[in-house]
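Novice: Take a look at the following structure, please.
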Number of protein chains: 2
Amino acid sequence: MASSEFTWSCSVPNATKVIQMGHGGGGRLTHQLIDRIFQPVFSNPLLNAQHDGAILPFGNIELAFSTDSYVVQPLFFPGGDIGSLSIHGTVNDLAMCGAKPLYLSASFILEEGFALDQLQKITESMQRTALATGINIVTGDTKVVDRGHGDGLYITTSGIGQIVSKFPISPMSIQPGDAILLSGDIGRHGVTILAARGQLSFETDLISDCADLSRPVLALLQAGIEVHCLRDLTRGGLATAAIELSQKSHLHFLLDEKSIEVGEDVQSCCELLGLNPLYIANEGRFICFVKAEECEKAISILQSHPVSARTHRIGTVREHHPNGLVTAKGIFNSEKVLDMLSGEQLPRIC
Amino acid sequence: MASSEFTWSCSVPNATKVIQMGHGGGGRLTHQLIDRIFQPVFSNPLLNAQHDGAILPFGNIELAFSTDSYVVQPLFFPGGDIGSLSIHGTVNDLAMCGAKPLYLSASFILEEGFALDQLQKITESMQRTALATGINIVTGDTKVVDRGHGDGLYITTSGIGQIVSKFPISPMSIQPGDAILLSGDIGRHGVTILAARGQLSFETDLISDCADLSRPVLALLQAGIEVHCLRDLTRGGLATAAIELSQKSHLHFLLDEKSIEVGEDVQSCCELLGLNPLYIANEGRFICFVKAEECEKAISILQSHPVSARTHRIGTVREHHPNGLVTAKGIFNSEKVLDMLSGEQLPRIC
């Protein structure tokens, strides 16, 4: 599942009575929904593990199991489409559990009137992406809803992978002193979607970062690097992912803001629109918590893969903090606290 | 997955260019979609097994993996709601593979403006149903779409089960001479949904048959009965399920129409509305193909479970037929051919 689902708890006094767009943004409202409804209702030990997916024991093997629905608009955007996104997203969630992605299900909710040639293109994109990542689409379903009750199509994929990491990869495994690595520049997916919607008053050459992250992750694990936690930076971006993990691990993360790479075009768009790139969605970036002693080796392995060629260290895990804390050191060495956004910056980016 | 998905091939010359409601009905248009798009694009040996779910080898165990999206309207109906349906549907698909259902994922697509107390009720119903069937909801996701692009909520569940049958349960395992058993009366779910929509001009006391079918199925398997194939009768009803299996197994099934139980209220509704109960959806009924010698023992086991207490034999598998064939013997011993419906009788019943 996406990083935030069913996992975390906070207390927001003024609960709204109906679903708002912000409930899907990955920020505070999403967490409130999880805290108030999903977590208490579905509570069980496997769900409570608070991971990107569930870890399931089967005899002497462990499987990772993850699901995500995809409702991105527009369906096609520079660098991908809802089909490739629906494969990469779930493959990446499995990889973030320390698993080799193996099998995928795909379920389609089609809106009456949706063009069959678009469906053809999207399924072909899914299959191309699945073949490239080495995962098999093995089962599926199709439902049709009447016009005005969908948006072309929604796709839900669920994936099964086999755990290959020797160490448990989990927020609970993060330790003081761990190095925090970031696999590349941030914010490209979110801003690309915004541009593809025609919501920018200027042209950009932006391309989504949507990509398979399993290869660099598996390379790290095969090399025996002591990886403590992995998290892909989807809805809510780098800041939300870091805050979530700090809250789950009850640790203080100190980030060096200067070391967080933001492309020039992403930076310009964000400045014009008043958005903070730290909170913008990515679909091909992740953070990685490794034992400090193995930081250089981990960076070198990740840099050898094109998708994570610009990996660098962006911070350090500090001491215990009861509620978790993420601070970012800025240009004058001033330290500011990163907080979760209330609603969403950009709806339906995945 | 539901019985029909990604599995079967037919040739319909006048392909439509956009999705129609009938593409979701489980009949000829659904199969055309599968044949023209999903099957050729996603083709692979595991998918081509043409089962209710995929069978995945993991060392010395085999897992069943199945997914379904649920878009039923109304969300609450006599005998269930979209929540209980989303658990029963996927649990039943796993059971139809000869698997013990173990783990479930749940992904929600929520529409802006959907009442949180409804969401609460539905998730509670899911958890209650999951606990009753013994499956664990272990991971999930939530997305929100803007008003006018959903219908309250859609749920996609995916399930993992462990295969416990000693014999391969598959359309390919059906053999001439096999007895065909039906687990109870048919058509109650579809007609209940119709009534719950207020589309009947009279009142009924109808209650959906929505139920967990895994217990009677596991009891059959534990008793060592040589079960060749199982299929739950969802969209398209008994007739569509039988036609699909006959086409996949290339066999002729002869049904005795008099032995197919239809409740009096379902019968009256169908007569008034010009519907054929053989094609009406069920969510708690299945057919079972067993070796003829074990028919009585199988019936006795199934009858000992409340959900299948009215199991009886409804037909026999006859000889090879190149395209598959289902015939039904009526009251004057006349034999008529059952054909797949073109569109759908009742949209969005699951």
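As shown in the structure tokens, the chain order sets the letters A, B, ...; within each chain, residues go from 1, and ligands are also counted from 1 in the order they appear.
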Determine, counting only C-alpha atoms, which protein, DNA and RNA residues have an atom within 10 Å of an atom of Ile169 in chain B; residues of the same chain fewer than 6 positions away are not included. Present the result as a ChimeraX atom specification.
Specialist: /B:51,96-99,163,226-231,289
Novice: As a PDB file with N, CA and C atoms, in the first residue's frame, please: every residue in range 89-222 of chain B that a backbone DSSP assignment puts in alpha helix (DSSP H).
Specialist:
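Once written, selection_18.pdb looks like this:
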ATOM      1  N   GLY B  89     -17.089 -12.056  -1.897  1.00  0.00           N
ATOM      2  CA  GLY B  89     -16.782 -12.292  -3.313  1.00  0.00           C
ATOM      3  C   GLY B  89     -15.374 -12.829  -3.502  1.00  0.00           C
ATOM      4  N   THR B  90     -14.402 -12.205  -2.852  1.00  0.00           N
ATOM      5  CA  THR B  90     -13.014 -12.633  -3.050  1.00  0.00           C
ATOM      6  C   THR B  90     -12.702 -13.915  -2.278  1.00  0.00           C
ATOM      7  N   VAL B  91     -13.265 -14.051  -1.083  1.00  0.00           N
ATOM      8  CA  VAL B  91     -13.121 -15.305  -0.326  1.00  0.00           C
ATOM      9  C   VAL B  91     -13.677 -16.466  -1.166  1.00  0.00           C
ATOM     10  N   ASN B  92     -14.830 -16.242  -1.788  1.00  0.00           N
ATOM     11  CA  ASN B  92     -15.439 -17.309  -2.586  1.00  0.00           C
ATOM     12  C   ASN B  92     -14.599 -17.652  -3.817  1.00  0.00           C
ATOM     13  N   ASP B  93     -14.007 -16.639  -4.441  1.00  0.00           N
ATOM     14  CA  ASP B  93     -13.146 -16.917  -5.596  1.00  0.00           C
ATOM     15  C   ASP B  93     -11.953 -17.785  -5.187  1.00  0.00           C
ATOM     16  N   LEU B  94     -11.392 -17.514  -4.006  1.00  0.00           N
ATOM     17  CA  LEU B  94     -10.274 -18.342  -3.524  1.00  0.00           C
ATOM     18  C   LEU B  94     -10.747 -19.765  -3.258  1.00  0.00           C
ATOM     19  N   ALA B  95     -11.916 -19.867  -2.610  1.00  0.00           N
ATOM     20  CA  ALA B  95     -12.458 -21.203  -2.308  1.00  0.00           C
ATOM     21  C   ALA B  95     -12.684 -21.990  -3.589  1.00  0.00           C
ATOM     22  N   MET B  96     -13.138 -21.291  -4.654  1.00  0.00           N
ATOM     23  CA  MET B  96     -13.412 -21.970  -5.927  1.00  0.00           C
ATOM     24  C   MET B  96     -12.136 -22.496  -6.589  1.00  0.00           C
ATOM     25  N   LEU B 116     -18.896  10.041   6.084  1.00  0.00           N
ATOM     26  CA  LEU B 116     -17.956   9.227   6.859  1.00  0.00           C
ATOM     27  C   LEU B 116     -18.663   8.168   7.689  1.00  0.00           C
ATOM     28  N   ASP B 117     -19.905   8.446   8.113  1.00  0.00           N
ATOM     29  CA  ASP B 117     -20.576   7.415   8.916  1.00  0.00           C
ATOM     30  C   ASP B 117     -20.964   6.206   8.056  1.00  0.00           C
ATOM     31  N   GLN B 118     -21.189   6.446   6.766  1.00  0.00           N
ATOM     32  CA  GLN B 118     -21.438   5.323   5.854  1.00  0.00           C
ATOM     33  C   GLN B 118     -20.151   4.503   5.687  1.00  0.00           C
ATOM     34  N   LEU B 119     -19.034   5.213   5.537  1.00  0.00           N
ATOM     35  CA  LEU B 119     -17.745   4.534   5.401  1.00  0.00           C
ATOM     36  C   LEU B 119     -17.459   3.694   6.642  1.00  0.00           C
ATOM     37  N   GLN B 120     -17.770   4.273   7.797  1.00  0.00           N
ATOM     38  CA  GLN B 120     -17.585   3.551   9.057  1.00  0.00           C
ATOM     39  C   GLN B 120     -18.398   2.251   9.056  1.00  0.00           C
ATOM     40  N   LYS B 121     -19.666   2.355   8.689  1.00  0.00           N
ATOM     41  CA  LYS B 121     -20.547   1.176   8.671  1.00  0.00           C
ATOM     42  C   LYS B 121     -20.016   0.103   7.720  1.00  0.00           C
ATOM     43  N   ILE B 122     -19.558   0.560   6.569  1.00  0.00           N
ATOM     44  CA  ILE B 122     -19.105  -0.392   5.545  1.00  0.00           C
ATOM     45  C   ILE B 122     -17.809  -1.079   5.970  1.00  0.00           C
ATOM     46  N   THR B 123     -16.883  -0.319   6.561  1.00  0.00           N
ATOM     47  CA  THR B 123     -15.643  -0.961   7.004  1.00  0.00           C
ATOM     48  C   THR B 123     -15.927  -1.924   8.166  1.00  0.00           C
ATOM     49  N   GLU B 124     -16.856  -1.549   9.038  1.00  0.00           N
ATOM     50  CA  GLU B 124     -17.215  -2.463  10.139  1.00  0.00           C
ATOM     51  C   GLU B 124     -17.826  -3.751   9.587  1.00  0.00           C
ATOM     52  N   SER B 125     -18.645  -3.603   8.573  1.00  0.00           N
ATOM     53  CA  SER B 125     -19.232  -4.782   7.945  1.00  0.00           C
ATOM     54  C   SER B 125     -18.145  -5.657   7.318  1.00  0.00           C
ATOM     55  N   MET B 126     -17.143  -5.026   6.699  1.00  0.00           N
ATOM     56  CA  MET B 126     -16.029  -5.783   6.107  1.00  0.00           C
ATOM     57  C   MET B 126     -15.289  -6.572   7.177  1.00  0.00           C
ATOM     58  N   GLN B 127     -14.988  -5.903   8.276  1.00  0.00           N
ATOM     59  CA  GLN B 127     -14.212  -6.559   9.317  1.00  0.00           C
ATOM     60  C   GLN B 127     -15.004  -7.710   9.951  1.00  0.00           C
ATOM     61  N   ARG B 128     -16.296  -7.459  10.196  1.00  0.00           N
ATOM     62  CA  ARG B 128     -17.160  -8.504  10.754  1.00  0.00           C
ATOM     63  C   ARG B 128     -17.175  -9.726   9.824  1.00  0.00           C
ATOM     64  N   THR B 129     -17.311  -9.454   8.537  1.00  0.00           N
ATOM     65  CA  THR B 129     -17.360 -10.541   7.556  1.00  0.00           C
ATOM     66  C   THR B 129     -16.020 -11.264   7.491  1.00  0.00           C
ATOM     67  N   ALA B 130     -14.941 -10.493   7.517  1.00  0.00           N
ATOM     68  CA  ALA B 130     -13.608 -11.097   7.452  1.00  0.00           C
ATOM     69  C   ALA B 130     -13.377 -12.003   8.662  1.00  0.00           C
ATOM     70  N   LEU B 131     -13.742 -11.518   9.843  1.00  0.00           N
ATOM     71  CA  LEU B 131     -13.559 -12.328  11.055  1.00  0.00           C
ATOM     72  C   LEU B 131     -14.386 -13.610  10.960  1.00  0.00           C
ATOM     73  N   ALA B 132     -15.613 -13.489  10.467  1.00  0.00           N
ATOM     74  CA  ALA B 132     -16.490 -14.662  10.374  1.00  0.00           C
ATOM     75  C   ALA B 132     -15.949 -15.693   9.395  1.00  0.00           C
ATOM     76  N   THR B 133     -15.279 -15.222   8.321  1.00  0.00           N
ATOM     77  CA  THR B 133     -14.760 -16.176   7.340  1.00  0.00           C
ATOM     78  C   THR B 133     -13.348 -16.630   7.696  1.00  0.00           C
ATOM     79  N   ARG B 188     -31.403 -14.967  -6.070  1.00  0.00           N
ATOM     80  CA  ARG B 188     -31.836 -14.078  -4.991  1.00  0.00           C
ATOM     81  C   ARG B 188     -31.027 -12.777  -4.912  1.00  0.00           C
ATOM     82  N   HIS B 189     -29.726 -12.860  -5.154  1.00  0.00           N
ATOM     83  CA  HIS B 189     -28.935 -11.620  -5.048  1.00  0.00           C
ATOM     84  C   HIS B 189     -29.371 -10.594  -6.091  1.00  0.00           C
ATOM     85  N   GLY B 190     -29.429 -10.995  -7.341  1.00  0.00           N
ATOM     86  CA  GLY B 190     -29.768 -10.063  -8.423  1.00  0.00           C
ATOM     87  C   GLY B 190     -31.129  -9.414  -8.226  1.00  0.00           C
ATOM     88  N   VAL B 191     -32.123 -10.210  -7.873  1.00  0.00           N
ATOM     89  CA  VAL B 191     -33.478  -9.669  -7.724  1.00  0.00           C
ATOM     90  C   VAL B 191     -33.567  -8.785  -6.471  1.00  0.00           C
ATOM     91  N   THR B 192     -32.824  -9.136  -5.442  1.00  0.00           N
ATOM     92  CA  THR B 192     -32.795  -8.297  -4.235  1.00  0.00           C
ATOM     93  C   THR B 192     -32.232  -6.910  -4.545  1.00  0.00           C
ATOM     94  N   ILE B 193     -31.170  -6.867  -5.330  1.00  0.00           N
ATOM     95  CA  ILE B 193     -30.558  -5.578  -5.703  1.00  0.00           C
ATOM     96  C   ILE B 193     -31.553  -4.748  -6.512  1.00  0.00           C
ATOM     97  N   LEU B 194     -32.232  -5.402  -7.409  1.00  0.00           N
ATOM     98  CA  LEU B 194     -33.241  -4.719  -8.230  1.00  0.00           C
ATOM     99  C   LEU B 194     -34.319  -4.116  -7.330  1.00  0.00           C
ATOM    100  N   ALA B 195     -34.774  -4.897  -6.370  1.00  0.00           N
ATOM    101  CA  ALA B 195     -35.817  -4.427  -5.452  1.00  0.00           C
ATOM    102  C   ALA B 195     -35.281  -3.279  -4.591  1.00  0.00           C
ATOM    103  N   ALA B 196     -34.008  -3.405  -4.152  1.00  0.00           N
ATOM    104  CA  ALA B 196     -33.414  -2.372  -3.283  1.00  0.00           C
ATOM    105  C   ALA B 196     -33.255  -1.054  -4.033  1.00  0.00           C
ATOM    106  N   SER B 214     -16.665 -20.771   1.587  1.00  0.00           N
ATOM    107  CA  SER B 214     -15.415 -21.516   1.772  1.00  0.00           C
ATOM    108  C   SER B 214     -15.577 -22.730   2.689  1.00  0.00           C
ATOM    109  N   ARG B 215     -16.468 -22.626   3.691  1.00  0.00           N
ATOM    110  CA  ARG B 215     -16.592 -23.751   4.633  1.00  0.00           C
ATOM    111  C   ARG B 215     -17.068 -25.038   3.969  1.00  0.00           C
ATOM    112  N   PRO B 216     -18.186 -25.002   3.245  1.00  0.00           N
ATOM    113  CA  PRO B 216     -18.604 -26.259   2.604  1.00  0.00           C
ATOM    114  C   PRO B 216     -17.567 -26.763   1.599  1.00  0.00           C
ATOM    115  N   VAL B 217     -16.917 -25.848   0.885  1.00  0.00           N
ATOM    116  CA  VAL B 217     -15.914 -26.283  -0.096  1.00  0.00           C
ATOM    117  C   VAL B 217     -14.740 -26.961   0.608  1.00  0.00           C
ATOM    118  N   LEU B 218     -14.243 -26.344   1.689  1.00  0.00           N
ATOM    119  CA  LEU B 218     -13.114 -26.937   2.409  1.00  0.00           C
ATOM    120  C   LEU B 218     -13.511 -28.285   3.020  1.00  0.00           C
ATOM    121  N   ALA B 219     -14.766 -28.380   3.457  1.00  0.00           N
ATOM    122  CA  ALA B 219     -15.239 -29.663   4.018  1.00  0.00           C
ATOM    123  C   ALA B 219     -15.209 -30.758   2.960  1.00  0.00           C
ATOM    124  N   LEU B 220     -15.626 -30.426   1.751  1.00  0.00           N
ATOM    125  CA  LEU B 220     -15.582 -31.396   0.639  1.00  0.00           C
ATOM    126  C   LEU B 220     -14.160 -31.875   0.406  1.00  0.00           C
ATOM    127  N   LEU B 221     -13.233 -30.907   0.381  1.00  0.00           N
ATOM    128  CA  LEU B 221     -11.840 -31.231   0.073  1.00  0.00           C
ATOM    129  C   LEU B 221     -11.200 -32.030   1.198  1.00  0.00           C
ATOM    130  N   GLN B 222     -11.519 -31.627   2.438  1.00  0.00           N
ATOM    131  CA  GLN B 222     -10.962 -32.354   3.587  1.00  0.00           C
ATOM    132  C   GLN B 222     -11.450 -33.801   3.616  1.00  0.00           C
TER     133      GLN B 222
END
Novice: Please, what distance in Å, to one decimal, runs between CA of Asp205 in chain B and CA of Ser308 in chain B?
Specialist: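 CA of Asp205 in chain B sits 20.7 Å away from CA of Ser308 in chain B.
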Novice: Find the residue from A:Val326, A:Leu278, A:Ile180, A:Ala223 that sits nearest to Ile301 in chain A; use only C-alpha atoms when measuring.
Specialist: A:Ala223
Novice: Which residues are close to range 143-149 of chain B, i.e. within 6 Å by only C-alpha atoms, leaving aside same-chain residues fewer than 3 positions away? Reply as a list in words.
Specialist: Met21, Gly24, Gly148, His149, Gly150 and Asp151 of chain A; Ile109, Leu110, Glu111 and Glu112 of chain B
Novice: Need to verify the contact set: Glu62 in chain A, 9 Å, only C-alpha atoms, exclusion of same-chain residues closer than 5 positions in sequence. Can you return it as an MDAnalysis selection string?
Specialist: chainID A and resid 55:57 99 161:164
Novice: In Å, how far is it from CA of Tyr70 in chain A to CA of Ala281 in chain A?
Specialist: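 CA of Ala281 in chain A lies 13.7 Å from CA of Tyr70 in chain A.
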Novice: Which one of A:Leu29, A:Leu153, A:Leu181, A:Leu104 sits closest to Ile82 in chain A if you count only C-alpha atoms?
Specialist: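 Looking only at the distances to Ile82 in chain A, the closest residue turns out to be A:Leu153.
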Novice: Tell me, as a count of residues only, which residues lie within 12 Å of Leu47 in chain A, counting only C-alpha atoms; anything in the same chain fewer than 6 positions away does not count.
Specialist: 26
Novice: When DSSP is applied to the backbone of this structure, which of range 107-330 of chain B are assigned strand (DSSP E or B)? Write them out as a ChimeraX atom specification.
Specialist: /B:107-111,115,136-145,153-163,179-182,227-232,251-256,286-290,312-320,325-329
Novice: Select, from B:Ala115, B:Ile87, B:Ile155, B:Ile135, the residue with the minimum atom-to-atom distance to chain A, counting only C-alpha atoms.
Specialist: B:Ala115
Novice: Report the distance between CA of Phe108 in chain B and CA of Gly236 in chain A in Å, rounded to one decimal place.
Specialist: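 Computing it gives 18.4 Å between the two atoms.
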Novice: So that I can check the surroundings of His312 in chain B, please list as an NGL selection string every protein, DNA and RNA residue that reaches within 9 Å of it, counting only C-alpha atoms and ignoring chain neighbours fewer than 6 positions away.
Specialist: :B and (180-184 or 259-260 or 299 or 303)
Novice: Check the smallest atom-to-atom distance from each of A:Leu346, A:Leu275, A:Ala179, A:Ala309 to chain B using only C-alpha atoms, then report the winner.
Specialist: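 Using only C-alpha atoms, chain B sits closest to A:Leu346.
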Novice: May I ask which of the residues B:Phe114, B:Tyr154, B:Phe286, B:Phe253 is the closest one to chain A, counting only C-alpha atoms?
Specialist: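 Checking each of B:Phe114, B:Tyr154, B:Phe286, B:Phe253 against chain A, counting only C-alpha atoms, the winner is B:Phe114.
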